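These notes concern the structure reproduced below.
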Amino acid sequence: MPRLREWVTIVLPTQLSAWLLAAYRRPLRFLLGLVLGPILVVSAATYAVNVELARRQALQHLAVTARLAAQAIDETLNDVLLFEQLLAVSPGFAEAVQRRDTSFVDGVLERLGPLAPGGDLVTVLGLDGRVLASWPRRRELLGRDVSQEDAFRGAAAGDWAPYVSSVYLREVAWAEKLVGVTAPLQHDGQATGLLQVQYGVETARTWLQRIRVEPEGFLYVVDQRDQLVFHPYQVLPGLPKPVGHWPPVATAAAQDGRTLAYRDPQLGEPWLAGVHPVGTTGWRVVAVQPEPAAVRALHRVLGPMGVLVGFLMLLLVGVSLQWVQLQESSLRLLRQNTKLLRQMQQRRTLEKGRPGKGSAES
């Protein structure tokens with residue numbers, strides 16, 4: 001302890017004083033070491049910390065937006081299933097489907113079909129996959145075999161359980177992409193047919209039209225087969241587009257969702273994403289945002305601060321240059337005085353060593 005106390009009270013202050021004195025004699029180094037250096041370190045650390053906080057906040061915002069959108073879709077699908085259950089329990093409806101009484105089925109659809117929540121088409125199917133009736137009534141669909149469409153195959157594979165399909169094409173209009181919500185019709189505990197509500201992807205797009213990702217982000221939805229259900233920039237008709245190789249889709253999403261940062265595989269640009277599943281359907285909502293856009297607002301705040309810090313640093317450099325000139329003048333004067341003093345001392349030494357005049361005359 002005595003040695004530590006001696007080092008703290010004597011050695012350290014002495015060394016620090018010597019370092020400060022040496023630095024004071026070199027004003028530019030002193031200024032860079034004690035003023036500009038710490039300012040640069042603090043500024044860089046402040047920028048890095050705030051950028052990281054902005055990224056985390058943007059990821060959290062994307063996660064919340066994706067969860068909100070997934071809940072909106074899930075509520076819409078649940079409304080569709082409730083409508084189908086309402087039709088299924090309509091008196092005599094399931095029995096009429098079993099005995100292929102199309103006139104009775106058409107009458108029920110005529111009364112209750114308008115209650116379908118935004119559906120483009122309501123169809124009643126037999127267990128063989130053939131259309132028995134539709135609303136609005138479309139004669140060209142009657143007797144059509146839809147057993148190869150995902151909406152039917154998924155329900156059949158699940159032992160006639162309710163099913164939300166992946167994206168598929170309607171044969172009548174090959175360019176029209178659809179999703180179907182299917183529920184069973186039962187009589188005496190036995191399935192007698194299926195009730196299906198179809199939505200075009202353009203109709204499904206309206207489910208999320210009020211949800212925005214600011215400032216430059218957007219939402220898209222993928223189904224259980226990793227195909228796009230809808231995307232804001234998906235404008236070309238054709239087959240459903242598989243996007244399982246996209247990083248937000250390739251990454252498995254937990255039940256409570258997840259976030260990730262990734263780079264665009266083609267352009268290499270950094271992006272942020274939030275992913276959330278839609279209930280138990282296998283669908284997922286993805287909210288994405290370019291990372292530069294997410295931190296742009298921060299740059300608008302830190303930019304003026306950086307300009308101010310730069311101005312202060314230039315001011316300090318200007319002051320230090322004046323200080324250098326003052327120190328140079330002082331040191332020049334000190335060197336001159338030291339030189340004169342040395343010359344005077346040498347002269348006095350020579351005069352003391354020279355023999356006196358009085359002794360020479362005697």
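Ordering of the structure tokens sets the chain letters (A, B, ...); residue numbers start at 1 within each chain; ligands are numbered from 1 in the order shown.
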Secondary structure check, strand (DSSP E or B) residues of region 69-246 of chain A, as a count of residues only: 48
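Using only C-alpha atoms, the residues found no farther than 10 Å from Gln255 (chain A), other than those of its own chain fewer than 6 positions away, are Val275, His276, Pro277, Val278, Gly279 and Thr280 of chain A.
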Would you mind listing what lies within 7 Å of Trp283 (chain A) as a PyMOL selection string, with only C-alpha atoms counted and same-chain residues fewer than 2 positions away left out? chain A and resi 222-224+277-278+281+285
Tell me which of A:Leu228, A:Leu219, A:Leu87, A:Ile211 sits closest to Val286 (chain A), counting only C-alpha atoms.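 For Val286 (chain A), the nearest of the candidates is A:Leu219.
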Env of Tyr163 (chain A): 6 Å cut, atoms = only C-alpha atoms, seq-sep filter 5 positions within chain, self excluded. Answer as a list in words. Ala155, Val181 and Thr182 of chain A
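Taking CA of Ala116 (chain A) as the reference point, CA of Val97 (chain A) is found at 18.9 Å.
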Which residues come within 12 Å of Gly310 (chain A), counting only C-alpha atoms, excluding same-chain residues fewer than 5 positions away, as a list of chain:residue names? A:Leu36, A:Ile39, A:Leu40, A:Ser43, A:Gly303, A:Pro304, A:Met305, A:Leu315, A:Leu316, A:Val317
Tell me which protein, DNA and RNA residues are within 10 Å of Ala253 (chain A), counting only C-alpha atoms, leaving out same-chain ones fewer than 2 positions away, and put them as a PyMOL selection string. chain A and resi 248-251+255-259+274-277+284
Write a file of the just-selected residues containing N, CA and C atoms, as a PDB file, in the first residue's frame.
```
ATOM      1  N   PRO A 248     -35.955 -13.757 -46.413  1.00  0.00           N
ATOM      2  CA  PRO A 248     -37.009 -13.750 -45.390  1.00  0.00           C
ATOM      3  C   PRO A 248     -37.927 -14.964 -45.461  1.00  0.00           C
ATOM      4  N   VAL A 249     -38.080 -15.549 -46.666  1.00  0.00           N
ATOM      5  CA  VAL A 249     -38.945 -16.718 -46.830  1.00  0.00           C
ATOM      6  C   VAL A 249     -38.189 -17.989 -46.483  1.00  0.00           C
ATOM      7  N   ALA A 250     -36.905 -18.040 -46.817  1.00  0.00           N
ATOM      8  CA  ALA A 250     -36.109 -19.233 -46.552  1.00  0.00           C
ATOM      9  C   ALA A 250     -35.876 -19.445 -45.065  1.00  0.00           C
ATOM     10  N   THR A 251     -35.967 -18.369 -44.284  1.00  0.00           N
ATOM     11  CA  THR A 251     -35.738 -18.473 -42.847  1.00  0.00           C
ATOM     12  C   THR A 251     -37.027 -18.880 -42.158  1.00  0.00           C
ATOM     13  N   GLN A 255     -43.559 -19.077 -34.049  1.00  0.00           N
ATOM     14  CA  GLN A 255     -44.963 -18.741 -33.910  1.00  0.00           C
ATOM     15  C   GLN A 255     -45.171 -17.273 -33.562  1.00  0.00           C
ATOM     16  N   ASP A 256     -44.201 -16.687 -32.842  1.00  0.00           N
ATOM     17  CA  ASP A 256     -44.298 -15.268 -32.492  1.00  0.00           C
ATOM     18  C   ASP A 256     -43.536 -14.389 -33.475  1.00  0.00           C
ATOM     19  N   GLY A 257     -43.128 -14.957 -34.630  1.00  0.00           N
ATOM     20  CA  GLY A 257     -42.451 -14.175 -35.653  1.00  0.00           C
ATOM     21  C   GLY A 257     -40.966 -14.030 -35.397  1.00  0.00           C
ATOM     22  N   ARG A 258     -40.295 -13.371 -36.348  1.00  0.00           N
ATOM     23  CA  ARG A 258     -38.873 -13.122 -36.192  1.00  0.00           C
ATOM     24  C   ARG A 258     -38.460 -11.954 -37.075  1.00  0.00           C
ATOM     25  N   THR A 259     -37.258 -11.441 -36.828  1.00  0.00           N
ATOM     26  CA  THR A 259     -36.701 -10.360 -37.634  1.00  0.00           C
ATOM     27  C   THR A 259     -35.342 -10.800 -38.155  1.00  0.00           C
ATOM     28  N   GLY A 274     -39.252  -8.201 -41.159  1.00  0.00           N
ATOM     29  CA  GLY A 274     -39.990  -8.834 -40.078  1.00  0.00           C
ATOM     30  C   GLY A 274     -40.945  -9.857 -40.683  1.00  0.00           C
ATOM     31  N   VAL A 275     -40.979 -11.064 -40.116  1.00  0.00           N
ATOM     32  CA  VAL A 275     -41.786 -12.160 -40.660  1.00  0.00           C
ATOM     33  C   VAL A 275     -42.706 -12.672 -39.565  1.00  0.00           C
ATOM     34  N   HIS A 276     -43.996 -12.902 -39.942  1.00  0.00           N
ATOM     35  CA  HIS A 276     -44.941 -13.432 -38.951  1.00  0.00           C
ATOM     36  C   HIS A 276     -45.887 -14.408 -39.633  1.00  0.00           C
ATOM     37  N   PRO A 277     -46.140 -15.573 -39.011  1.00  0.00           N
ATOM     38  CA  PRO A 277     -47.058 -16.552 -39.611  1.00  0.00           C
ATOM     39  C   PRO A 277     -48.509 -16.100 -39.481  1.00  0.00           C
ATOM     40  N   ARG A 284     -47.339 -16.716 -44.528  1.00  0.00           N
ATOM     41  CA  ARG A 284     -46.504 -15.796 -43.762  1.00  0.00           C
ATOM     42  C   ARG A 284     -46.591 -14.400 -44.363  1.00  0.00           C
TER      43      ARG A 284
END
```
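CA of Thr102 (chain A) is positioned 6.6 Å from CA of Leu132 (chain A).
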Go through A:Thr14, A:Asn78, A:Ser147, A:Thr192 and flag the residue nearest Arg99 (chain A), using only C-alpha atoms for the distances. A:Thr192
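Residues in contact with Gly143 (chain A) at 12 Å, where only C-alpha atoms are counted and same-chain residues fewer than 3 positions away are skipped, are listed as Arg100, Thr102, Thr123, Val124, Leu125, Gly126, Asp128, Gly129, Arg130, Val131, Leu132, Ala133, Ser134, Arg138, Arg139, Glu140, Val146 and Ser147 of chain A.
Minimum atom-to-atom distances from A:Val108, A:Gln98, A:Ile73, A:Arg137 to Arg205 (chain A) were compared using only C-alpha atoms, and the lowest value belongs to A:Ile73.
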Distance CA of Ser165 (chain A)-CA of Val105 (chain A), one decimal place? 23.8 Å
Where in region 61-260 of chain A does DSSP assign alpha helix (DSSP H), given as a PDB file with C-alpha atoms, in the first residue's frame?
```
ATOM      1  CA  HIS A  61     -41.366  -1.762 -36.185  1.00  0.00           C
ATOM      2  CA  LEU A  62     -41.264  -4.305 -39.035  1.00  0.00           C
ATOM      3  CA  ALA A  63     -42.033  -7.137 -36.620  1.00  0.00           C
ATOM      4  CA  VAL A  64     -45.047  -5.265 -35.226  1.00  0.00           C
ATOM      5  CA  THR A  65     -46.280  -4.406 -38.730  1.00  0.00           C
ATOM      6  CA  ALA A  66     -45.943  -8.014 -39.915  1.00  0.00           C
ATOM      7  CA  ARG A  67     -47.821  -9.264 -36.841  1.00  0.00           C
ATOM      8  CA  LEU A  68     -50.585  -6.713 -37.380  1.00  0.00           C
ATOM      9  CA  ALA A  69     -50.937  -7.714 -41.042  1.00  0.00           C
ATOM     10  CA  ALA A  70     -50.939 -11.430 -40.160  1.00  0.00           C
ATOM     11  CA  GLN A  71     -53.682 -10.867 -37.600  1.00  0.00           C
ATOM     12  CA  ALA A  72     -55.738  -8.921 -40.166  1.00  0.00           C
ATOM     13  CA  ILE A  73     -55.486 -11.793 -42.666  1.00  0.00           C
ATOM     14  CA  ASP A  74     -56.207 -14.392 -39.988  1.00  0.00           C
ATOM     15  CA  GLU A  75     -59.330 -12.524 -38.878  1.00  0.00           C
ATOM     16  CA  THR A  76     -60.530 -12.316 -42.497  1.00  0.00           C
ATOM     17  CA  LEU A  77     -60.008 -16.050 -43.013  1.00  0.00           C
ATOM     18  CA  ASN A  78     -61.778 -16.810 -39.749  1.00  0.00           C
ATOM     19  CA  ASP A  79     -64.730 -14.698 -40.921  1.00  0.00           C
ATOM     20  CA  VAL A  80     -64.827 -16.774 -44.105  1.00  0.00           C
ATOM     21  CA  LEU A  81     -64.825 -20.022 -42.112  1.00  0.00           C
ATOM     22  CA  LEU A  82     -67.633 -18.685 -39.906  1.00  0.00           C
ATOM     23  CA  PHE A  83     -69.657 -17.883 -43.020  1.00  0.00           C
ATOM     24  CA  GLU A  84     -69.077 -21.394 -44.319  1.00  0.00           C
ATOM     25  CA  GLN A  85     -70.137 -22.849 -40.989  1.00  0.00           C
ATOM     26  CA  LEU A  86     -73.296 -20.736 -41.184  1.00  0.00           C
ATOM     27  CA  LEU A  87     -74.080 -22.242 -44.577  1.00  0.00           C
ATOM     28  CA  ALA A  88     -73.162 -25.733 -43.412  1.00  0.00           C
ATOM     29  CA  PHE A  93     -78.341 -27.910 -46.776  1.00  0.00           C
ATOM     30  CA  ALA A  94     -75.889 -30.762 -46.132  1.00  0.00           C
ATOM     31  CA  GLU A  95     -78.597 -33.360 -46.918  1.00  0.00           C
ATOM     32  CA  ALA A  96     -79.444 -31.566 -50.164  1.00  0.00           C
ATOM     33  CA  VAL A  97     -75.797 -31.682 -51.182  1.00  0.00           C
ATOM     34  CA  GLN A  98     -75.703 -35.391 -50.407  1.00  0.00           C
ATOM     35  CA  THR A 102     -79.179 -28.515 -56.881  1.00  0.00           C
ATOM     36  CA  SER A 103     -82.373 -26.460 -56.826  1.00  0.00           C
ATOM     37  CA  PHE A 104     -82.441 -26.470 -53.001  1.00  0.00           C
ATOM     38  CA  VAL A 105     -78.699 -25.738 -52.848  1.00  0.00           C
ATOM     39  CA  ASP A 106     -79.094 -22.861 -55.323  1.00  0.00           C
ATOM     40  CA  GLY A 107     -81.889 -21.393 -53.227  1.00  0.00           C
ATOM     41  CA  VAL A 108     -79.769 -21.404 -50.067  1.00  0.00           C
ATOM     42  CA  LEU A 109     -76.827 -19.869 -51.902  1.00  0.00           C
ATOM     43  CA  GLU A 110     -79.113 -17.213 -53.363  1.00  0.00           C
ATOM     44  CA  ARG A 111     -80.173 -16.194 -49.855  1.00  0.00           C
ATOM     45  CA  LEU A 112     -76.896 -16.525 -47.967  1.00  0.00           C
ATOM     46  CA  ASP A 150     -55.083 -27.236 -54.234  1.00  0.00           C
ATOM     47  CA  ALA A 151     -58.198 -26.009 -52.426  1.00  0.00           C
ATOM     48  CA  PHE A 152     -59.835 -29.434 -52.919  1.00  0.00           C
ATOM     49  CA  ARG A 153     -56.738 -31.593 -52.591  1.00  0.00           C
ATOM     50  CA  GLY A 154     -55.696 -29.961 -49.319  1.00  0.00           C
ATOM     51  CA  ALA A 155     -59.093 -30.517 -47.751  1.00  0.00           C
ATOM     52  CA  ALA A 156     -59.184 -34.141 -48.967  1.00  0.00           C
ATOM     53  CA  ALA A 157     -55.677 -34.808 -47.661  1.00  0.00           C
ATOM     54  CA  VAL A 201     -55.206 -12.367 -55.410  1.00  0.00           C
ATOM     55  CA  GLU A 202     -56.205  -8.803 -56.314  1.00  0.00           C
ATOM     56  CA  THR A 203     -59.107  -9.118 -53.879  1.00  0.00           C
ATOM     57  CA  ALA A 204     -56.812 -10.617 -51.243  1.00  0.00           C
ATOM     58  CA  ARG A 205     -54.475  -7.651 -51.718  1.00  0.00           C
ATOM     59  CA  PRO A 247     -33.888 -14.792 -47.390  1.00  0.00           C
ATOM     60  CA  PRO A 248     -37.009 -13.750 -45.390  1.00  0.00           C
ATOM     61  CA  VAL A 249     -38.945 -16.718 -46.830  1.00  0.00           C
ATOM     62  CA  ALA A 250     -36.109 -19.233 -46.552  1.00  0.00           C
TER      63      ALA A 250
END
```
Considering only C-alpha atoms, state which residue in the set A:Gln57, A:Gln186, A:Gln196, A:Thr46 is at the smallest distance from Pro91 (chain A).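 Nearest to Pro91 (chain A): A:Gln186.
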Pick from A:Gly306, A:Glu269, A:Gln148, A:Val89 nearest to Ala183 (chain A), counting only C-alpha atoms: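 The shortest atom-to-atom distance to Ala183 (chain A) comes from A:Val89.
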Smallest atom-to-atom distance to Val288 (chain A): which of A:Val309, A:Val179, A:Leu350, A:Val213, using only C-alpha atoms?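 Selected residue with least distance to Val288 (chain A): A:Val213.
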